[in-house]
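*Asks:* You'll find input26.pdb just under this line, and it carries PDB, C-alpha atoms.
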ATOM      1  CA  MET A   1     -44.329 109.220-185.216
ATOM      2  CA  ALA A   2     -42.666 112.158-183.600
ATOM      3  CA  ALA A   3     -41.523 115.138-185.638
ATOM      4  CA  GLY A   4     -37.802 115.640-186.224
ATOM      5  CA  ALA A   5     -35.884 117.480-183.577
ATOM      6  CA  VAL A   6     -33.362 120.272-183.726
ATOM      7  CA  ILE A   7     -29.836 118.999-183.138
ATOM      8  CA  PHE A   8     -28.251 120.980-180.310
ATOM      9  CA  LEU A   9     -24.546 121.756-180.680
ATOM     10  CA  VAL A  10     -22.772 121.823-177.350
ATOM     11  CA  GLY A  11     -19.040 122.236-176.905
ATOM     12  CA  GLY A  12     -16.810 120.234-174.666
ATOM     13  CA  GLN A  13     -15.983 116.631-174.075
ATOM     14  CA  GLN A  14     -17.606 114.271-171.620
ATOM     15  CA  ALA A  15     -15.152 112.390-169.428
ATOM     16  CA  PRO A  16     -15.887 108.652-169.421
ATOM     17  CA  PRO A  17     -17.562 107.619-166.161
ATOM     18  CA  PRO A  18     -15.518 105.554-163.742
ATOM     19  CA  HIS A  19     -15.831 101.814-164.193
ATOM     20  CA  THR A  20     -15.658  99.011-161.713
ATOM     21  CA  GLU A  21     -14.777  96.075-163.891
ATOM     22  CA  GLY A  22     -13.291  95.447-167.301
ATOM     23  CA  ILE A  23      -9.895  96.311-168.732
ATOM     24  CA  SER A  24      -6.932  96.685-166.359
ATOM     25  CA  VAL A  25      -3.722  98.607-167.014
ATOM     26  CA  ALA A  26      -1.293  96.430-168.957
ATOM     27  CA  SER A  27       2.059  95.530-167.399
ATOM     28  CA  ASP A  28       5.347  95.491-169.331
ATOM     29  CA  SER A  29       5.042  91.722-169.767
ATOM     30  CA  ASP A  30       1.500  92.128-171.092
ATOM     31  CA  ARG A  31       2.730  94.614-173.697
ATOM     32  CA  ARG A  32       5.138  92.005-175.034
ATOM     33  CA  GLN A  33       2.270  89.643-175.811
ATOM     34  CA  PRO A  34       1.028  89.263-179.420
ATOM     35  CA  ALA A  35      -1.452  91.911-180.537
ATOM     36  CA  PRO A  36      -5.136  90.953-180.192
ATOM     37  CA  SER A  37      -6.791  89.497-183.269
ATOM     38  CA  PRO A  38      -8.670  91.943-185.522
ATOM     39  CA  PRO A  39     -12.476  91.796-185.491
ATOM     40  CA  GLU A  40     -14.420  89.920-188.141
ATOM     41  CA  ARG A  41     -15.254  92.191-191.091
ATOM     42  CA  LEU A  42     -18.853  92.131-192.283
ATOM     43  CA  ARG A  43     -21.206  94.103-194.477
ATOM     44  CA  VAL A  44     -24.955  94.582-194.789
ATOM     45  CA  LYS A  45     -27.022  92.466-197.145
ATOM     46  CA  ILE A  46     -30.381  94.194-197.729
ATOM     47  CA  LEU A  47     -33.338  91.790-197.718
ATOM     48  CA  GLN A  48     -36.236  94.265-197.667
ATOM     49  CA  SER A  49     -36.915  98.003-197.608
ATOM     50  CA  LEU A  50     -39.751  99.296-195.409
ATOM     51  CA  PRO A  51     -41.189 102.812-195.012
ATOM     52  CA  HIS A  52     -40.015 104.936-192.077
ATOM     53  CA  ASP A  53     -41.206 108.354-190.934
ATOM     54  CA  PRO A  54     -38.587 110.813-192.280
ATOM     55  CA  ARG A  55     -39.423 113.216-189.428
ATOM     56  CA  ALA A  56     -38.516 110.712-186.701
ATOM     57  CA  PHE A  57     -35.277 111.572-184.864
ATOM     58  CA  THR A  58     -34.674 107.914-184.010
ATOM     59  CA  GLN A  59     -32.823 107.180-180.761
ATOM     60  CA  GLY A  60     -33.673 103.536-180.110
ATOM     61  CA  LEU A  61     -35.173 100.521-181.873
ATOM     62  CA  GLU A  62     -36.128  97.135-180.439
ATOM     63  CA  MET A  63     -38.438  94.260-181.374
ATOM     64  CA  ALA A  64     -40.228  92.196-178.733
ATOM     65  CA  ALA A  65     -43.126  89.738-179.074
ATOM     66  CA  GLY A  66     -43.582  90.702-182.719
ATOM     67  CA  ILE A  67     -43.911  94.415-181.913
ATOM     68  CA  LEU A  68     -41.399  97.044-183.034
ATOM     69  CA  TYR A  69     -40.641  99.736-180.455
ATOM     70  CA  GLU A  70     -39.013 103.012-181.486
ATOM     71  CA  SER A  71     -37.946 106.013-179.419
ATOM     72  CA  THR A  72     -37.296 109.494-180.776
ATOM     73  CA  GLY A  73     -35.464 112.505-179.362
ATOM     74  CA  GLY A  74     -35.687 116.266-179.228
ATOM     75  CA  TYR A  75     -36.931 118.744-176.640
ATOM     76  CA  GLY A  76     -40.678 118.927-177.161
ATOM     77  CA  THR A  77     -40.725 116.114-179.724
ATOM     78  CA  SER A  78     -39.419 113.071-177.811
ATOM     79  CA  ALA A  79     -41.670 110.039-177.893
ATOM     80  CA  VAL A  80     -41.857 106.263-177.836
ATOM     81  CA  MET A  81     -44.143 104.257-180.102
ATOM     82  CA  ALA A  82     -45.002 100.626-180.785
ATOM     83  CA  GLY A  83     -46.595  98.690-183.631
ATOM     84  CA  PRO A  84     -45.903  96.498-186.666
ATOM     85  CA  ALA A  85     -42.646  97.250-188.484
ATOM     86  CA  GLY A  86     -43.120  99.642-191.389
ATOM     87  CA  LYS A  87     -46.709 100.485-190.440
ATOM     88  CA  THR A  88     -48.550 103.097-188.370
ATOM     89  CA  PRO A  89     -47.831 102.696-184.633
ATOM     90  CA  THR A  90     -50.664 101.317-182.523
ATOM     91  CA  ALA A  91     -49.394 102.884-179.277
ATOM     92  CA  HIS A  92     -47.679 106.220-178.739
ATOM     93  CA  ALA A  93     -46.492 108.238-175.731
ATOM     94  CA  ARG A  94     -44.700 111.590-175.563
ATOM     95  CA  LEU A  95     -42.161 112.796-173.047
ATOM     96  CA  PRO A  96     -42.651 116.193-171.397
ATOM     97  CA  ALA A  97     -41.123 119.062-173.378
ATOM     98  CA  GLY A  98     -38.219 119.385-170.944
ATOM     99  CA  LEU A  99     -36.940 115.831-171.486
ATOM    100  CA  PHE A 100     -34.832 114.648-174.443
ATOM    101  CA  GLY A 101     -35.573 110.982-175.195
ATOM    102  CA  GLU A 102     -32.864 108.423-175.935
ATOM    103  CA  GLY A 103     -32.568 104.619-176.060
ATOM    104  CA  ILE A 104     -35.131 102.035-174.959
ATOM    105  CA  SER A 105     -35.280  98.391-173.901
ATOM    106  CA  VAL A 106     -38.254  96.070-173.391
ATOM    107  CA  LEU A 107     -38.242  93.413-170.661
ATOM    108  CA  GLY A 108     -41.606  91.639-170.736
ATOM    109  CA  PRO A 109     -44.231  93.991-169.258
ATOM    110  CA  ARG A 110     -41.624  96.687-168.560
ATOM    111  CA  LEU A 111     -40.055  99.224-170.952
ATOM    112  CA  TRP A 112     -37.197 101.503-169.910
ATOM    113  CA  GLN A 113     -36.634 104.785-171.750
ATOM    114  CA  LEU A 114     -33.488 106.891-171.300
ATOM    115  CA  THR A 115     -33.101 110.650-171.476
ATOM    116  CA  TRP A 116     -30.002 112.399-172.794
ATOM    117  CA  ARG A 117     -28.709 114.881-170.190
ATOM    118  CA  ASP A 118     -31.687 114.908-167.848
ATOM    119  CA  GLY A 119     -30.521 112.017-165.657
ATOM    120  CA  ILE A 120     -33.967 110.403-165.756
ATOM    121  CA  ALA A 121     -35.009 106.916-166.849
ATOM    122  CA  VAL A 122     -38.725 106.385-167.415
ATOM    123  CA  GLU A 123     -40.300 102.999-166.736
ATOM    124  CA  ARG A 124     -43.372 102.298-168.894
ATOM    125  CA  ASP A 125     -45.954  99.591-169.413
ATOM    126  CA  SER A 126     -44.706  97.871-172.580
ATOM    127  CA  ARG A 127     -48.252  97.232-173.835
ATOM    128  CA  THR A 128     -49.825 100.666-173.357
ATOM    129  CA  LEU A 129     -46.602 102.740-173.014
ATOM    130  CA  ALA A 130     -48.164 104.431-169.982
ATOM    131  CA  GLU A 131     -45.583 105.843-167.582
ATOM    132  CA  ARG A 132     -45.179 103.909-164.339
ATOM    133  CA  ARG A 133     -42.382 105.767-162.570
ATOM    134  CA  ARG A 134     -39.108 107.646-162.993
ATOM    135  CA  VAL A 135     -35.687 106.944-161.556
ATOM    136  CA  THR A 136     -32.533 109.036-161.672
ATOM    137  CA  TYR A 137     -29.013 108.204-162.800
ATOM    138  CA  THR A 138     -25.697 110.022-163.167
ATOM    139  CA  GLY A 139     -24.271 111.063-166.534
ATOM    140  CA  GLU A 140     -25.683 111.016-170.048
ATOM    141  CA  GLY A 141     -28.018 108.399-171.490
ATOM    142  CA  TRP A 142     -27.512 107.225-175.100
ATOM    143  CA  GLY A 143     -28.238 103.565-175.902
ATOM    144  CA  LEU A 144     -29.940 100.778-173.943
ATOM    145  CA  CYS A 145     -30.573  97.038-174.245
ATOM    146  CA  HIS A 146     -30.685  94.021-171.923
ATOM    147  CA  ARG A 147     -28.613  90.839-171.825
ATOM    148  CA  ARG A 148     -30.549  87.590-172.142
ATOM    149  CA  ARG A 149     -28.097  85.707-169.915
ATOM    150  CA  ASP A 150     -28.748  87.605-166.701
ATOM    151  CA  GLY A 151     -31.400  90.187-167.625
ATOM    152  CA  ARG A 152     -29.126  93.107-166.769
ATOM    153  CA  LEU A 153     -29.574  96.319-168.709
ATOM    154  CA  VAL A 154     -26.608  97.557-170.751
ATOM    155  CA  MET A 155     -26.330 101.329-171.192
ATOM    156  CA  SER A 156     -24.036 103.584-173.239
ATOM    157  CA  ASP A 157     -23.198 107.249-172.670
ATOM    158  CA  GLY A 158     -21.215 108.121-175.807
ATOM    159  CA  SER A 159     -17.874 107.047-174.319
ATOM    160  CA  ALA A 160     -16.110 103.656-174.551
ATOM    161  CA  VAL A 161     -17.796 102.467-171.352
ATOM    162  CA  LEU A 162     -20.880 100.261-171.055
ATOM    163  CA  THR A 163     -22.698 100.356-167.713
ATOM    164  CA  PHE A 164     -24.724  97.404-166.407
ATOM    165  CA  ARG A 165     -27.922  98.094-164.466
ATOM    166  CA  ALA A 166     -30.463  96.080-162.509
ATOM    167  CA  PRO A 167     -33.638  95.663-164.602
ATOM    168  CA  ALA A 168     -36.049  96.246-161.714
ATOM    169  CA  THR A 169     -34.392  99.251-160.046
ATOM    170  CA  PHE A 170     -32.068 100.679-162.734
ATOM    171  CA  ALA A 171     -29.290 100.742-160.133
ATOM    172  CA  PRO A 172     -25.747 100.345-161.572
ATOM    173  CA  THR A 173     -24.197  96.923-161.005
ATOM    174  CA  GLY A 174     -20.882  97.305-162.846
ATOM    175  CA  SER A 175     -19.312  98.449-166.084
ATOM    176  CA  LEU A 176     -16.580  97.682-168.596
ATOM    177  CA  THR A 177     -14.526  99.448-171.233
ATOM    178  CA  VAL A 178     -14.963  98.303-174.838
ATOM    179  CA  THR A 179     -11.719  97.733-176.740
ATOM    180  CA  GLU A 180     -10.727  96.870-180.296
ATOM    181  CA  ARG A 181      -7.276  95.304-180.657
ATOM    182  CA  GLY A 182      -6.400  96.645-177.220
ATOM    183  CA  ARG A 183      -7.589 100.217-177.773
ATOM    184  CA  ALA A 184     -10.672 101.809-176.231
ATOM    185  CA  VAL A 185     -13.583 102.394-178.638
ATOM    186  CA  PRO A 186     -15.347 105.695-177.814
ATOM    187  CA  GLY A 187     -18.619 106.866-179.313
ATOM    188  CA  LEU A 188     -20.802 103.889-178.357
ATOM    189  CA  ASN A 189     -24.352 104.946-179.182
ATOM    190  CA  GLU A 190     -27.551 102.942-179.832
ATOM    191  CA  LEU A 191     -27.336  99.343-178.587
ATOM    192  CA  GLU A 192     -28.889  95.963-179.332
ATOM    193  CA  CYS A 193     -28.331  92.917-177.127
ATOM    194  CA  VAL A 194     -28.334  89.511-178.839
ATOM    195  CA  GLY A 195     -27.806  86.105-177.262
ATOM    196  CA  ALA A 196     -26.092  85.664-173.931
ATOM    197  CA  ASP A 197     -23.295  88.233-174.047
ATOM    198  CA  THR A 198     -23.313  89.989-177.429
ATOM    199  CA  VAL A 199     -24.080  93.679-177.894
ATOM    200  CA  TYR A 200     -24.181  95.589-181.184
ATOM    201  CA  ALA A 201     -23.383  99.292-180.976
ATOM    202  CA  ASN A 202     -23.583 102.124-183.477
ATOM    203  CA  ILE A 203     -20.337 104.089-183.402
ATOM    204  CA  TYR A 204     -21.012 107.815-183.224
ATOM    205  CA  TRP A 205     -20.140 109.764-186.386
ATOM    206  CA  THR A 206     -19.090 106.673-188.381
ATOM    207  CA  ASP A 207     -20.483 104.245-190.960
ATOM    208  CA  ARG A 208     -20.274 101.128-188.846
ATOM    209  CA  ILE A 209     -21.601  99.108-185.956
ATOM    210  CA  VAL A 210     -19.386  96.973-183.770
ATOM    211  CA  ARG A 211     -20.208  93.603-182.260
ATOM    212  CA  ILE A 212     -19.052  93.402-178.640
ATOM    213  CA  ASP A 213     -18.493  90.444-176.337
ATOM    214  CA  THR A 214     -19.681  91.887-173.026
ATOM    215  CA  SER A 215     -17.975  89.131-171.032
ATOM    216  CA  THR A 216     -14.609  90.649-172.035
ATOM    217  CA  GLY A 217     -15.365  94.050-173.592
ATOM    218  CA  THR A 218     -13.692  92.972-176.833
ATOM    219  CA  VAL A 219     -14.950  94.032-180.271
ATOM    220  CA  THR A 220     -15.365  90.790-182.231
ATOM    221  CA  GLY A 221     -16.986  92.155-185.380
ATOM    222  CA  SER A 222     -17.173  95.347-187.453
ATOM    223  CA  ILE A 223     -19.921  95.894-190.040
ATOM    224  CA  ASP A 224     -19.868  98.340-192.920
ATOM    225  CA  ALA A 225     -23.248  99.981-193.598
ATOM    226  CA  THR A 226     -22.444 102.714-196.066
ATOM    227  CA  ALA A 227     -24.714 101.360-198.808
ATOM    228  CA  LEU A 228     -28.112 101.590-197.111
ATOM    229  CA  LEU A 229     -29.276 105.017-198.333
ATOM    230  CA  THR A 230     -28.874 106.593-201.744
ATOM    231  CA  PRO A 231     -26.810 109.804-202.051
ATOM    232  CA  GLU A 232     -30.062 111.730-202.533
ATOM    233  CA  GLU A 233     -31.614 110.242-199.385
ATOM    234  CA  ARG A 234     -28.537 111.090-197.350
ATOM    235  CA  GLN A 235     -28.910 114.814-198.024
ATOM    236  CA  ASN A 236     -31.737 115.153-195.483
ATOM    237  CA  ALA A 237     -30.939 112.159-193.287
ATOM    238  CA  GLY A 238     -28.955 111.875-190.085
ATOM    239  CA  PRO A 239     -26.888 108.903-188.926
ATOM    240  CA  LEU A 240     -27.852 105.291-188.581
ATOM    241  CA  ASN A 241     -29.194 104.985-185.049
ATOM    242  CA  GLY A 242     -31.559 102.056-184.842
ATOM    243  CA  ILE A 243     -30.686  98.361-184.518
ATOM    244  CA  ALA A 244     -33.384  95.787-183.768
ATOM    245  CA  ALA A 245     -32.690  92.060-183.885
ATOM    246  CA  ILE A 246     -35.615  90.056-185.279
ATOM    247  CA  PRO A 247     -36.183  87.260-182.715
ATOM    248  CA  GLY A 248     -35.747  83.730-183.993
ATOM    249  CA  THR A 249     -33.706  84.806-187.025
ATOM    250  CA  ASP A 250     -30.238  86.077-187.914
ATOM    251  CA  GLU A 251     -31.811  89.241-189.352
ATOM    252  CA  PHE A 252     -31.971  92.836-188.123
ATOM    253  CA  LEU A 253     -34.012  95.960-188.752
ATOM    254  CA  LEU A 254     -31.924  99.091-189.273
ATOM    255  CA  THR A 255     -32.914 102.723-189.587
ATOM    256  CA  GLY A 256     -31.649 106.147-188.569
ATOM    257  CA  LYS A 257     -32.486 109.701-187.648
ATOM    258  CA  ARG A 258     -34.862 111.179-190.213
ATOM    259  CA  TRP A 259     -34.434 108.223-192.527
ATOM    260  CA  PRO A 260     -37.201 107.685-195.109
ATOM    261  CA  ARG A 261     -36.678 103.932-194.988
ATOM    262  CA  MET A 262     -36.063 101.041-192.633
ATOM    263  CA  PHE A 263     -34.142  97.986-193.807
ATOM    264  CA  ARG A 264     -34.405  94.296-193.012
ATOM    265  CA  VAL A 265     -30.856  93.031-193.340
ATOM    266  CA  ARG A 266     -28.451  90.231-192.648
ATOM    267  CA  PHE A 267     -24.801  90.732-191.768
ATOM    268  CA  VAL A 268     -22.503  88.764-194.085
ATOM    269  CA  SER A 269     -18.776  88.393-194.539
ATOM    270  CA  GLU A 270     -17.061  91.095-196.592
ATOM    271  CA  SER A 271     -15.263  88.346-198.495
ATOM    272  CA  GLY A 272     -18.378  86.436-199.533
ATOM    273  CA  SER A 273     -22.158  86.143-199.407
ATOM    274  CA  GLY A 274     -22.449  83.791-196.464
ATOM    275  CA  SER A 275     -23.844  84.793-193.095
ATOM    276  CA  GLY A 276     -21.463  86.245-190.570
ATOM    277  CA  SER A 277     -21.691  85.415-186.904
ATOM    278  CA  GLY A 278     -23.547  88.646-186.193
ATOM    279  CA  SER A 279     -22.654  92.335-186.394
ATOM    280  CA  SER A 280     -23.906  95.891-186.902
ATOM    281  CA  ILE A 281     -23.637  99.169-188.732
ATOM    282  CA  GLY A 282     -23.627 102.938-188.811
ATOM    283  CA  LEU A 283     -24.244 105.811-191.202
ATOM    284  CA  ARG A 284     -22.308 109.070-191.248
ATOM    285  CA  CYS A 285     -23.793 112.038-189.397
ATOM    286  CA  ARG A 286     -24.304 114.885-191.838
ATOM    287  CA  GLN A 287     -24.111 118.280-190.227
ATOM    288  CA  ARG A 288     -23.968 121.469-192.240
ATOM    289  CA  ASN A 289     -22.273 123.367-189.416
ATOM    290  CA  GLY A 290     -19.202 121.153-189.243
ATOM    291  CA  PRO A 291     -18.096 118.250-187.025
ATOM    292  CA  ARG A 292     -20.297 117.560-184.066
ATOM    293  CA  SER A 293     -19.067 117.626-180.505
ATOM    294  CA  PRO A 294     -19.009 114.178-178.840
ATOM    295  CA  SER A 295     -21.410 115.590-176.244
ATOM    296  CA  VAL A 296     -24.129 116.117-178.849
ATOM    297  CA  PRO A 297     -26.679 113.337-179.508
ATOM    298  CA  CYS A 298     -26.014 111.794-182.904
TER
END
Would you mind writing the file's structure down as structure tokens?
*Replies:*
Amino acid sequence: MAAGAVIFLVGGQQAPPPHTEGISVASDSDRRQPAPSPPERLRVKILQSLPHDPRAFTQGLEMAAGILYESTGGYGTSAVMAGPAGKTPTAHARLPAGLFGEGISVLGPRLWQLTWRDGIAVERDSRTLAERRRVTYTGEGWGLCHRRRDGRLVMSDGSAVLTFRAPATFAPTGSLTVTERGRAVPGLNELECVGADTVYANIYWTDRIVRIDTSTGTVTGSIDATALLTPEERQNAGPLNGIAAIPGTDEFLLTGKRWPRMFRVRFVSESGSGSGSGSSIGLRCRQRNGPRSPSVPC
């Protein structure tokens, strides 16, 4: 796996990109309507602990056809690898030193890999990880997954906006703003698509993942993941930043930047031990130099 990367601190805020569909401005009559229902509250139930390369600056995690794909970031250390979960990768490909790798998504024979501020998406062969071509896009790239219902890619950029893209061309096809109880939810990071319209997203600089209904943009679930690492493990670890649904189950694999372990988990209700209807998590970014700018990859 790739070595850990230096975290670059950059000042300033990124303005959310314009969106073409999603939440409209509320009228006075709309504001008199009852407040939206709160999201379902869930927590992580750990089923298994697996080894994970503590040097890997994880940016994306996805499982397809029994293979776990992981992307890592950093200038000069960005890579994508594939293999059995918790074991040595069987395929590995590095990005050029000038590109900072971000999220990934696998669609059959095709794998898309984002870059952070380089405006480049790399299409790869999902079996060999060999590069096929590059396409350009506007703005930052953070997380990536694809919806099963229509095959469209779903991409985050650290704001509250999710952008939909055509899987064959990477061209934008629309977008929507994610809201929780009527308020925009910024900081959407690594993504995992599940089912027809559900997306799980790590929330930047927090200890949770939100479950999003992409047909409406509404947050329907919030999962607490503060208990995954021990206090000692957190000292050298970054945030949770890897969510991979295990196909055919209600289980997920979770890991993070420079985490020594990966966890097989189930999301359950905070009020009991039963399964929730799906959800996600996040672990706090630990940065010795103070709070991180939203424009910095976390």
*Asks:* Evaluating the PyMOL selection byres ((chain A and resi 188-191) around 8) on the displayed file yields which residues, as a ChimeraX atom specification?
*Replies:* /A:59-60,103,142-145,155-161,185-187,192-193,199-204,241-243,298
*Asks:* Give as an mmCIF file with C-alpha atoms, keeping the file's coordinate frame the residues that the PyMOL selection byres ((chain A and resi 73) around 6) matches when applied to the coordinates above.
*Replies:*
data_model
loop_
_atom_site.group_PDB
_atom_site.id
_atom_site.type_symbol
_atom_site.label_atom_id
_atom_site.label_comp_id
_atom_site.auth_asym_id
_atom_site.auth_seq_id
_atom_site.Cartn_x
_atom_site.Cartn_y
_atom_site.Cartn_z
ATOM 1 C CA PHE A 57 -35.277 111.572 -184.864
ATOM 2 C CA THR A 72 -37.296 109.494 -180.776
ATOM 3 C CA GLY A 74 -35.687 116.266 -179.228
ATOM 4 C CA SER A 78 -39.419 113.071 -177.811
ATOM 5 C CA PHE A 100 -34.832 114.648 -174.443
ATOM 6 C CA GLY A 101 -35.573 110.982 -175.195
ATOM 7 C CA GLU A 102 -32.864 108.423 -175.935
#
*Asks:* Please, which residues are within 9 Å of (-24.5, 85.2, -173.4) by the file's coordinates, counting all atoms listed in the file, and could they come as a PDB file with C-alpha atoms, in the frame of the given file?
*Replies:*
ATOM      1  CA  ARG A 147     -28.613  90.839-171.825  1.00  0.00           C
ATOM      2  CA  ARG A 148     -30.549  87.590-172.142  1.00  0.00           C
ATOM      3  CA  ARG A 149     -28.097  85.707-169.915  1.00  0.00           C
ATOM      4  CA  ASP A 150     -28.748  87.605-166.701  1.00  0.00           C
ATOM      5  CA  VAL A 194     -28.334  89.511-178.839  1.00  0.00           C
ATOM      6  CA  GLY A 195     -27.806  86.105-177.262  1.00  0.00           C
ATOM      7  CA  ALA A 196     -26.092  85.664-173.931  1.00  0.00           C
ATOM      8  CA  ASP A 197     -23.295  88.233-174.047  1.00  0.00           C
ATOM      9  CA  THR A 198     -23.313  89.989-177.429  1.00  0.00           C
ATOM     10  CA  ASP A 213     -18.493  90.444-176.337  1.00  0.00           C
ATOM     11  CA  THR A 214     -19.681  91.887-173.026  1.00  0.00           C
ATOM     12  CA  SER A 215     -17.975  89.131-171.032  1.00  0.00           C
TER      13      SER A 215
END
*Asks:* Centre and edge lengths of an axis-aligned box around all listed atoms of segment 223-239 of chain A, with 3 Å added on each side, are to be given in Å to one decimal, as AutoDock Vina command-line options.
*Replies:*
--center_x -25.8 --center_y 105.5 --center_z -195.7 --size_x 17.9 --size_y 25.3 --size_z 19.6
*Asks:* Separation of atom CA of Glu232 of chain A and atom CA of Gly256 of chain A, in Å?
*Replies:*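 So the answer is 15.1 Å.
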*Asks:* Which residues match the PyMOL selection byres ((chain A and resi 62) around 12) in the file above, as a PDB file with C-alpha atoms, in the coordinates of the input?
*Replies:*
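Result written to out.pdb:
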ATOM      1  CA  THR A  58     -34.674 107.914-184.010  1.00  0.00           C
ATOM      2  CA  GLN A  59     -32.823 107.180-180.761  1.00  0.00           C
ATOM      3  CA  GLY A  60     -33.673 103.536-180.110  1.00  0.00           C
ATOM      4  CA  LEU A  61     -35.173 100.521-181.873  1.00  0.00           C
ATOM      5  CA  MET A  63     -38.438  94.260-181.374  1.00  0.00           C
ATOM      6  CA  ALA A  64     -40.228  92.196-178.733  1.00  0.00           C
ATOM      7  CA  ALA A  65     -43.126  89.738-179.074  1.00  0.00           C
ATOM      8  CA  GLY A  66     -43.582  90.702-182.719  1.00  0.00           C
ATOM      9  CA  ILE A  67     -43.911  94.415-181.913  1.00  0.00           C
ATOM     10  CA  LEU A  68     -41.399  97.044-183.034  1.00  0.00           C
ATOM     11  CA  TYR A  69     -40.641  99.736-180.455  1.00  0.00           C
ATOM     12  CA  GLU A  70     -39.013 103.012-181.486  1.00  0.00           C
ATOM     13  CA  SER A  71     -37.946 106.013-179.419  1.00  0.00           C
ATOM     14  CA  VAL A  80     -41.857 106.263-177.836  1.00  0.00           C
ATOM     15  CA  MET A  81     -44.143 104.257-180.102  1.00  0.00           C
ATOM     16  CA  ALA A  82     -45.002 100.626-180.785  1.00  0.00           C
ATOM     17  CA  GLY A  83     -46.595  98.690-183.631  1.00  0.00           C
ATOM     18  CA  PRO A  84     -45.903  96.498-186.666  1.00  0.00           C
ATOM     19  CA  ALA A  85     -42.646  97.250-188.484  1.00  0.00           C
ATOM     20  CA  GLY A 103     -32.568 104.619-176.060  1.00  0.00           C
ATOM     21  CA  ILE A 104     -35.131 102.035-174.959  1.00  0.00           C
ATOM     22  CA  SER A 105     -35.280  98.391-173.901  1.00  0.00           C
ATOM     23  CA  VAL A 106     -38.254  96.070-173.391  1.00  0.00           C
ATOM     24  CA  LEU A 107     -38.242  93.413-170.661  1.00  0.00           C
ATOM     25  CA  LEU A 111     -40.055  99.224-170.952  1.00  0.00           C
ATOM     26  CA  TRP A 112     -37.197 101.503-169.910  1.00  0.00           C
ATOM     27  CA  GLN A 113     -36.634 104.785-171.750  1.00  0.00           C
ATOM     28  CA  SER A 126     -44.706  97.871-172.580  1.00  0.00           C
ATOM     29  CA  GLY A 143     -28.238 103.565-175.902  1.00  0.00           C
ATOM     30  CA  LEU A 144     -29.940 100.778-173.943  1.00  0.00           C
ATOM     31  CA  CYS A 145     -30.573  97.038-174.245  1.00  0.00           C
ATOM     32  CA  HIS A 146     -30.685  94.021-171.923  1.00  0.00           C
ATOM     33  CA  GLU A 190     -27.551 102.942-179.832  1.00  0.00           C
ATOM     34  CA  LEU A 191     -27.336  99.343-178.587  1.00  0.00           C
ATOM     35  CA  GLU A 192     -28.889  95.963-179.332  1.00  0.00           C
ATOM     36  CA  CYS A 193     -28.331  92.917-177.127  1.00  0.00           C
ATOM     37  CA  VAL A 194     -28.334  89.511-178.839  1.00  0.00           C
ATOM     38  CA  ASN A 241     -29.194 104.985-185.049  1.00  0.00           C
ATOM     39  CA  GLY A 242     -31.559 102.056-184.842  1.00  0.00           C
ATOM     40  CA  ILE A 243     -30.686  98.361-184.518  1.00  0.00           C
ATOM     41  CA  ALA A 244     -33.384  95.787-183.768  1.00  0.00           C
ATOM     42  CA  ALA A 245     -32.690  92.060-183.885  1.00  0.00           C
ATOM     43  CA  ILE A 246     -35.615  90.056-185.279  1.00  0.00           C
ATOM     44  CA  PRO A 247     -36.183  87.260-182.715  1.00  0.00           C
ATOM     45  CA  PHE A 252     -31.971  92.836-188.123  1.00  0.00           C
ATOM     46  CA  LEU A 253     -34.012  95.960-188.752  1.00  0.00           C
ATOM     47  CA  LEU A 254     -31.924  99.091-189.273  1.00  0.00           C
ATOM     48  CA  THR A 255     -32.914 102.723-189.587  1.00  0.00           C
TER      49      THR A 255
END
*Asks:* Pick out the closest residue to Ser37 of chain A from this set: A:Pro231, A:Gly248, A:Pro172, A:Gly182. Count all atoms listed in the file.
*Replies:* A:Gly182
*Asks:* Pick the closest to Ala56 of chain A from A:Thr249, A:Leu176, A:Thr138, A:Pro239: which is it, counting only C-alpha atoms?
*Replies:*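 Result for the nearest residue to Ala56 of chain A: A:Pro239.
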